[in-house]
Structure formats: structure tokens, C-alpha cells
file start-v9.txt (compact mmCIF, C-alpha atoms)
# COMPACT_ATOMS: atom_id res chain seq x y z
CA MET V 1434 -140.69 140.17 41.99
CA ALA V 1435 -140.83 136.40 41.59
CA GLN V 1436 -139.73 134.76 38.34
CA PRO V 1437 -142.46 132.95 36.40
CA LEU V 1438 -142.28 129.16 36.66
CA PHE V 1439 -141.10 128.70 33.05
CA ALA V 1440 -138.83 131.77 32.83
CA ASN V 1441 -135.81 129.59 32.18
CA GLN V 1442 -137.50 127.28 29.67
CA ARG V 1443 -134.93 128.11 26.98
CA GLU V 1444 -132.00 127.33 29.28
CA THR V 1445 -133.69 124.16 30.54
CA ASN V 1446 -134.36 123.01 26.98
CA LEU V 1447 -130.76 123.73 25.98
CA SER V 1448 -129.34 121.90 29.02
CA SER V 1449 -131.54 118.84 28.55
CA THR V 1450 -130.65 118.64 24.85
CA VAL V 1451 -126.92 118.85 25.64
CA ALA V 1452 -127.35 116.06 28.21
CA LEU V 1453 -129.21 113.92 25.65
CA VAL V 1454 -126.49 114.40 23.04
CA GLU V 1455 -123.77 113.43 25.50
CA GLU V 1456 -125.74 110.39 26.65
CA ILE V 1457 -126.20 109.19 23.05
CA LEU V 1458 -122.55 109.82 22.19
CA ARG V 1459 -121.54 107.61 25.14
CA GLU V 1460 -123.94 104.89 23.94
CA LEU V 1461 -122.39 105.06 20.47
CA GLY V 1462 -118.89 104.64 21.88
CA HIS V 1463 -117.70 108.25 21.77
CA ASP V 1464 -116.33 110.12 24.78
CA PRO V 1465 -118.38 113.34 24.99
CA ALA V 1466 -115.62 115.23 26.81
CA ALA V 1467 -112.99 114.21 24.24
CA SER V 1468 -115.40 114.96 21.37
CA ARG V 1469 -116.38 118.41 22.62
CA GLN V 1470 -114.93 121.35 20.69
CA GLU V 1471 -113.25 124.00 22.82
CA ALA V 1472 -114.31 126.99 20.73
CA ALA V 1473 -117.99 126.03 20.69
CA HIS V 1474 -119.34 124.96 24.06
CA HIS V 1475 -122.24 122.92 22.65
CA THR V 1476 -120.47 121.27 19.71
CA TRP V 1477 -118.98 117.80 19.42
CA ARG V 1478 -117.00 116.14 16.60
CA ILE V 1479 -117.01 112.40 16.03
CA LYS V 1480 -115.61 110.16 13.32
CA THR V 1481 -117.59 107.27 11.84
CA GLY V 1482 -115.70 105.36 9.19
CA SER V 1483 -114.14 108.04 7.02
CA ALA V 1484 -116.82 110.67 7.74
CA MET V 1485 -116.24 113.45 10.29
CA THR V 1486 -119.47 114.62 11.92
CA ARG V 1487 -120.21 117.75 13.93
CA ILE V 1488 -123.16 117.81 16.35
CA SER V 1489 -124.18 121.29 17.49
CA VAL V 1490 -126.88 122.51 19.85
CA PHE V 1491 -127.46 126.22 19.61
CA PRO V 1492 -130.05 128.75 20.74
CA THR V 1493 -132.15 130.32 17.98
CA GLY V 1494 -134.77 132.80 19.02
CA GLU V 1495 -136.79 131.49 21.92
CA LEU V 1496 -135.70 127.86 21.53
CA SER V 1497 -132.74 125.73 20.56
CA HIS V 1498 -131.90 123.68 17.48
CA ILE V 1499 -129.79 120.60 17.01
CA ARG V 1500 -127.77 120.32 13.82
CA VAL V 1501 -125.85 117.23 12.74
CA GLU V 1502 -123.51 117.80 9.80
CA ALA V 1503 -120.95 115.42 8.29
CA VAL V 1504 -118.29 116.41 5.80
CA VAL V 1505 -118.52 114.01 2.89
CA ILE V 1506 -115.92 115.40 0.48
CA THR V 1507 -113.80 118.49 0.08
CA LEU V 1508 -113.87 119.88 -3.44
CA ASP V 1509 -110.75 120.55 -5.47
CA GLU V 1510 -110.18 122.01 -8.93
CA LYS V 1511 -110.54 118.59 -10.63
CA VAL V 1512 -114.16 118.07 -9.53
CA ASP V 1513 -116.78 118.43 -12.27
CA ARG V 1514 -119.01 120.57 -10.05
CA PRO V 1515 -122.09 120.73 -12.33
CA SER V 1516 -122.16 116.92 -12.63
CA LEU V 1517 -121.56 116.41 -8.91
CA PHE V 1518 -124.19 118.97 -7.89
CA ALA V 1519 -126.77 117.45 -10.26
CA HIS V 1520 -126.01 114.02 -8.81
CA LEU V 1521 -126.38 115.28 -5.22
CA LEU V 1522 -129.72 116.93 -5.99
CA PHE V 1523 -130.91 113.68 -7.54
CA GLN V 1524 -129.75 111.79 -4.42
CA ASN V 1525 -131.54 114.22 -2.07
CA VAL V 1526 -134.94 113.09 -3.32
CA SER V 1527 -134.30 109.54 -2.09
CA LEU V 1528 -132.87 110.47 1.32
CA CYS V 1529 -134.97 110.57 4.47
CA GLY V 1530 -134.36 113.26 7.10
CA VAL V 1531 -130.99 114.35 5.68
CA ALA V 1532 -129.81 116.28 2.64
CA PHE V 1533 -126.61 117.02 0.80
CA ALA V 1534 -125.52 120.66 0.88
CA LEU V 1535 -122.50 122.77 0.07
CA HIS V 1536 -120.64 124.46 2.94
CA GLY V 1537 -117.80 126.46 1.44
CA GLU V 1538 -115.67 123.98 -0.48
CA ARG V 1539 -117.12 121.00 1.35
CA VAL V 1540 -120.03 118.78 0.44
CA VAL V 1541 -121.85 117.95 3.65
CA LEU V 1542 -124.76 115.82 4.71
CA VAL V 1543 -126.95 117.70 7.15
CA SER V 1544 -130.01 117.34 9.35
CA GLU V 1545 -131.42 119.97 11.69
CA ARG V 1546 -134.49 120.39 13.83
CA SER V 1547 -135.92 122.33 16.72
CA THR V 1548 -135.38 120.84 20.15
CA ILE V 1549 -139.05 121.25 21.07
CA ASP V 1550 -140.35 117.85 22.20
CA LEU V 1551 -137.06 116.24 21.19
CA ASP V 1552 -136.55 112.82 22.73
CA ARG V 1553 -133.57 110.50 23.01
CA SER V 1554 -134.62 108.28 20.10
CA GLU V 1555 -134.73 111.33 17.83
CA VAL V 1556 -131.27 112.50 18.91
CA ARG V 1557 -129.91 109.00 18.34
CA ASP V 1558 -131.60 108.78 14.93
CA LEU V 1559 -130.24 112.18 13.83
CA ILE V 1560 -126.68 111.22 14.71
CA ILE V 1561 -126.83 107.70 13.28
CA ARG V 1562 -128.67 108.73 10.12
CA VAL V 1563 -126.15 111.46 9.27
CA THR V 1564 -123.01 109.50 10.19
CA THR V 1565 -123.96 106.30 8.40
CA THR V 1566 -125.35 108.00 5.29
CA ALA V 1567 -122.22 110.17 4.99
CA ASP V 1568 -119.95 107.16 5.41
CA ASP V 1569 -122.02 105.20 2.85
CA HIS V 1570 -121.67 107.93 0.20
CA ASP V 1571 -118.25 109.54 0.68
CA ASP V 1572 -115.99 106.94 -0.95
CA ARG V 1573 -118.34 106.50 -3.91
CA LEU V 1574 -118.63 110.25 -4.51
CA VAL V 1575 -114.86 110.76 -4.43
CA ALA V 1576 -114.36 107.80 -6.79
CA ALA V 1577 -116.99 109.09 -9.23
CA PHE V 1578 -116.37 112.86 -9.10
CA GLY V 1579 -112.98 113.46 -7.50
CA GLY V 1580 -112.24 115.67 -4.56
CA VAL V 1581 -110.73 114.76 -1.24
CA LEU V 1582 -112.34 112.43 1.26
CA GLY V 1583 -113.77 114.18 4.32
CA GLU V 1584 -112.26 117.34 5.80
CA ALA V 1585 -108.82 116.95 4.25
CA GLU V 1586 -107.33 120.05 2.72
CA PRO V 1587 -107.90 120.01 -1.03
CA ALA V 1588 -104.87 119.17 -3.16
CA SER V 1589 -103.47 122.06 -5.19

call {"tool": "encode", "arguments": {"input": "start-v9.txt", "output": "C-alpha cells"}}
result
Amino acid sequence: MAQPLFANQRETNLSSTVALVEEILRELGHDPAASRQEAAHHTWRIKTGSAMTRISVFPTGELSHIRVEAVVITLDEKVDRPSLFAHLLFQNVSLCGVAFALHGERVVLVSERSTIDLDRSEVRDLIIRVTTTADDHDDRLVAAFGGVLGEAEPAS
């Protein structure tokens, strides 16, 4: 029996999103092959200033999602967590298209969306918005609240 015309829509969407990400990474001066993570086929890591950013494209249900996440600071025992978390929540209200979150012991800046109708300008905006916002905030947050810049192992 013949396959329906759009039977591979999910795979096509995933492939086109991966191609878009790699195209944008090249435009931004990053080598997609060198940035690709071995363990995760559709994940890249890039550094902008002092912020390390992970771009992932992954299937969820019938479609795919793109997630851009930058590690801003790694928490240590000296961080006043309630003050930092209150500050980050206050900052979230003024951010557009990104938000601070906690991922384990790391404060991250994250943006995610479905890849339905995703175009190159949106991929570019996701990557630039996360990388520049993370790099704009990381040094100030470490200076004000402590912790370790980026993905460094927390000091004991």
C-alpha cells in the first residue's frame, strides 16, 4: 500500500529545522559540526561571551520543538537563593521571549517553541536573544548574588 503524501511530515520538519539551525550557526560564526554534541544528535553548544548555550531540536509527540538554553550561573553554598530567585522572577516580567529558570544547580535562560511554521528569522532570533541576554546578565548576577559564572563546577 502506498504511503500518504505527508506520512513523513515529522521527519521532514525535524530535518528542515536541523538544517535551519546549522545555517544560522554558520552565519553567527560557529562551526555546526564542531558545535554538535556527540551524545545528542540534534544538539549544539556554542559560547557567546561568558555564556554557554545549548540549542536542541527534539521530537515531541507528532512534531518537534526547538529549545535554546544558556547557563547563566552555577549555584554554590554562598548564594542567597531566596534573594536570587526573587530577583530572577522580577527580571522575568521584563524579558521578551525568554525566561530565567533553575536546572539542577544552574540558573539558565531558556526559550522553547514548536517547530510548526518556524522560519529562519525565528531560529536566528531564538539563538541571539538567549545568548545575548544570558551574556548581559551573567556577570551582574554573579557579582550581586555569588555563584560561579556559567557551567563551571561550583566551589566547595

call {"tool": "closest_residue", "arguments": {"input": "start-v9.txt", "among": "V:Ser1489, V:Ser1544, V:Gln1524, V:Thr1566", "to": "Leu1447 in chain V", "atoms": "all atoms listed in the file"}}
result
V:Ser1489

call {"tool": "residues_around", "arguments": {"input": "start-v9.txt", "residues": "Leu1453 in chain V", "least_positions_apart": "5", "cutoff": "9 Å", "atoms": "all atoms listed in the file", "output": "VMD selection string"}}
result
chain V and resid 1448 1458 1552 to 1553 1556 to 1557

call {"tool": "atom_distance", "arguments": {"input": "start-v9.txt", "atom1": "CA of Arg1546 in chain V", "atom2": "CA of Ser1497 in chain V"}}
result
8.8 Å

call {"tool": "atom_distance", "arguments": {"input": "start-v9.txt", "atom1": "CA of Glu1545 in chain V", "atom2": "CA of Lys1480 in chain V"}}
result
18.7 Å

call {"tool": "closest_residue", "arguments": {"input": "start-v9.txt", "among": "V:Leu1517, V:Met1485, V:Ile1499, V:Val1451", "to": "Ala1576 in chain V", "atoms": "all atoms listed in the file"}}
result
V:Leu1517

call {"tool": "atom_distance", "arguments": {"input": "start-v9.txt", "atom1": "CA of Phe1533 in chain V", "atom2": "CA of Phe1491 in chain V"}}
result
21.0 Å

call {"tool": "residues_around", "arguments": {"input": "start-v9.txt", "residues": "range 1502-1516 of chain V", "least_positions_apart": "6", "cutoff": "10 Å", "atoms": "all atoms listed in the file", "output": "VMD selection string"}}
result
chain V and resid 1478 to 1481 1483 to 1489 1531 to 1545 1559 to 1560 1563 to 1572 1574 to 1575 1577 to 1589

call {"tool": "write_last_selection", "arguments": {"input": "start-v9.txt", "atoms": "C-alpha atoms", "output": "tab-separated table (two decimals), in the frame of the given file"}}
result
chain	number	residue	atom	x	y	z
V	1478	ARG	CA	-117.00	116.14	16.60
V	1479	ILE	CA	-117.01	112.40	16.03
V	1480	LYS	CA	-115.61	110.16	13.32
V	1481	THR	CA	-117.59	107.27	11.84
V	1483	SER	CA	-114.14	108.04	7.02
V	1484	ALA	CA	-116.82	110.67	7.74
V	1485	MET	CA	-116.24	113.45	10.29
V	1486	THR	CA	-119.47	114.62	11.92
V	1487	ARG	CA	-120.21	117.75	13.93
V	1488	ILE	CA	-123.16	117.81	16.35
V	1489	SER	CA	-124.18	121.29	17.49
V	1531	VAL	CA	-130.99	114.35	5.68
V	1532	ALA	CA	-129.81	116.28	2.64
V	1533	PHE	CA	-126.61	117.02	0.80
V	1534	ALA	CA	-125.52	120.66	0.88
V	1535	LEU	CA	-122.50	122.77	0.07
V	1536	HIS	CA	-120.64	124.46	2.94
V	1537	GLY	CA	-117.80	126.46	1.44
V	1538	GLU	CA	-115.67	123.98	-0.48
V	1539	ARG	CA	-117.12	121.00	1.35
V	1540	VAL	CA	-120.03	118.78	0.44
V	1541	VAL	CA	-121.85	117.95	3.65
V	1542	LEU	CA	-124.76	115.82	4.71
V	1543	VAL	CA	-126.95	117.70	7.15
V	1544	SER	CA	-130.01	117.34	9.35
V	1545	GLU	CA	-131.42	119.97	11.69
V	1559	LEU	CA	-130.24	112.18	13.83
V	1560	ILE	CA	-126.68	111.22	14.71
V	1563	VAL	CA	-126.15	111.46	9.27
V	1564	THR	CA	-123.01	109.50	10.19
V	1565	THR	CA	-123.96	106.30	8.40
V	1566	THR	CA	-125.35	108.00	5.29
V	1567	ALA	CA	-122.22	110.17	4.99
V	1568	ASP	CA	-119.95	107.16	5.41
V	1569	ASP	CA	-122.02	105.20	2.85
V	1570	HIS	CA	-121.67	107.93	0.20
V	1571	ASP	CA	-118.25	109.54	0.68
V	1572	ASP	CA	-115.99	106.94	-0.95
V	1574	LEU	CA	-118.63	110.25	-4.51
V	1575	VAL	CA	-114.86	110.76	-4.43
V	1577	ALA	CA	-116.99	109.09	-9.23
V	1578	PHE	CA	-116.37	112.86	-9.10
V	1579	GLY	CA	-112.98	113.46	-7.50
V	1580	GLY	CA	-112.24	115.67	-4.56
V	1581	VAL	CA	-110.73	114.76	-1.24
V	1582	LEU	CA	-112.34	112.43	1.26
V	1583	GLY	CA	-113.77	114.18	4.32
V	1584	GLU	CA	-112.26	117.34	5.80
V	1585	ALA	CA	-108.82	116.95	4.25
V	1586	GLU	CA	-107.33	120.05	2.72
V	1587	PRO	CA	-107.90	120.01	-1.03
V	1588	ALA	CA	-104.87	119.17	-3.16
V	1589	SER	CA	-103.47	122.06	-5.19

call {"tool": "closest_residue", "arguments": {"input": "start-v9.txt", "among": "V:Arg1573, V:Arg1500, V:Arg1562, V:His1463", "to": "Thr1548 in chain V", "atoms": "all atoms listed in the file"}}
result
V:Arg1500

call {"tool": "closest_residue", "arguments": {"input": "start-v9.txt", "among": "V:Arg1443, V:Ser1527, V:Val1501, V:Ser1554", "to": "Thr1476 in chain V", "atoms": "all atoms listed in the file"}}
result
V:Val1501

call {"tool": "closest_residue", "arguments": {"input": "start-v9.txt", "among": "V:Asp1558, V:Glu1460, V:Val1526, V:Ile1549", "to": "Thr1445 in chain V", "atoms": "all atoms listed in the file"}}
result
V:Ile1549

call {"tool": "build_atoms", "arguments": {"input": "start-v9.txt", "residues": "range 1481-1500 of chain V", "atoms": "N, CA and C atoms", "output": "tab-separated table (two decimals), keeping the file's coordinate frame"}}
result
chain	number	residue	atom	x	y	z
V	1481	THR	N	-116.96	108.56	12.11
V	1481	THR	CA	-117.59	107.27	11.84
V	1481	THR	C	-117.09	106.83	10.48
V	1482	GLY	N	-116.31	105.75	10.45
V	1482	GLY	CA	-115.70	105.36	9.19
V	1482	GLY	C	-114.79	106.48	8.75
V	1483	SER	N	-114.97	106.94	7.51
V	1483	SER	CA	-114.14	108.04	7.02
V	1483	SER	C	-114.85	109.40	7.11
V	1484	ALA	N	-116.04	109.43	7.67
V	1484	ALA	CA	-116.82	110.67	7.74
V	1484	ALA	C	-116.65	111.35	9.10
V	1485	MET	N	-116.33	112.64	9.08
V	1485	MET	CA	-116.24	113.45	10.29
V	1485	MET	C	-117.56	114.19	10.47
V	1486	THR	N	-118.16	114.04	11.66
V	1486	THR	CA	-119.47	114.62	11.92
V	1486	THR	C	-119.39	115.62	13.06
V	1487	ARG	N	-120.11	116.71	12.90
V	1487	ARG	CA	-120.21	117.75	13.93
V	1487	ARG	C	-121.66	117.78	14.42
V	1488	ILE	N	-121.84	117.70	15.72
V	1488	ILE	CA	-123.16	117.81	16.35
V	1488	ILE	C	-123.16	119.12	17.12
V	1489	SER	N	-124.11	119.99	16.82
V	1489	SER	CA	-124.18	121.29	17.49
V	1489	SER	C	-125.58	121.52	18.05
V	1490	VAL	N	-125.63	122.07	19.24
V	1490	VAL	CA	-126.88	122.51	19.85
V	1490	VAL	C	-126.70	123.99	20.09
V	1491	PHE	N	-127.62	124.78	19.51
V	1491	PHE	CA	-127.46	126.22	19.61
V	1491	PHE	C	-128.81	126.90	19.78
V	1492	PRO	N	-128.81	128.00	20.55
V	1492	PRO	CA	-130.05	128.75	20.74
V	1492	PRO	C	-130.39	129.54	19.47
V	1493	THR	N	-131.65	129.51	19.10
V	1493	THR	CA	-132.15	130.32	17.98
V	1493	THR	C	-133.49	130.90	18.43
V	1494	GLY	N	-133.53	132.19	18.57
V	1494	GLY	CA	-134.77	132.80	19.02
V	1494	GLY	C	-135.11	132.35	20.43
V	1495	GLU	N	-136.32	131.90	20.60
V	1495	GLU	CA	-136.79	131.49	21.92
V	1495	GLU	C	-136.38	130.08	22.28
V	1496	LEU	N	-136.02	129.26	21.28
V	1496	LEU	CA	-135.70	127.86	21.53
V	1496	LEU	C	-134.33	127.51	21.00
V	1497	SER	N	-134.01	126.23	21.06
V	1497	SER	CA	-132.74	125.73	20.56
V	1497	SER	C	-132.97	124.84	19.35
V	1498	HIS	N	-131.89	124.62	18.61
V	1498	HIS	CA	-131.90	123.68	17.48
V	1498	HIS	C	-130.75	122.72	17.66
V	1499	ILE	N	-130.88	121.54	17.10
V	1499	ILE	CA	-129.79	120.60	17.01
V	1499	ILE	C	-129.49	120.42	15.53
V	1500	ARG	N	-128.22	120.48	15.20
V	1500	ARG	CA	-127.77	120.32	13.82
V	1500	ARG	C	-126.68	119.26	13.80
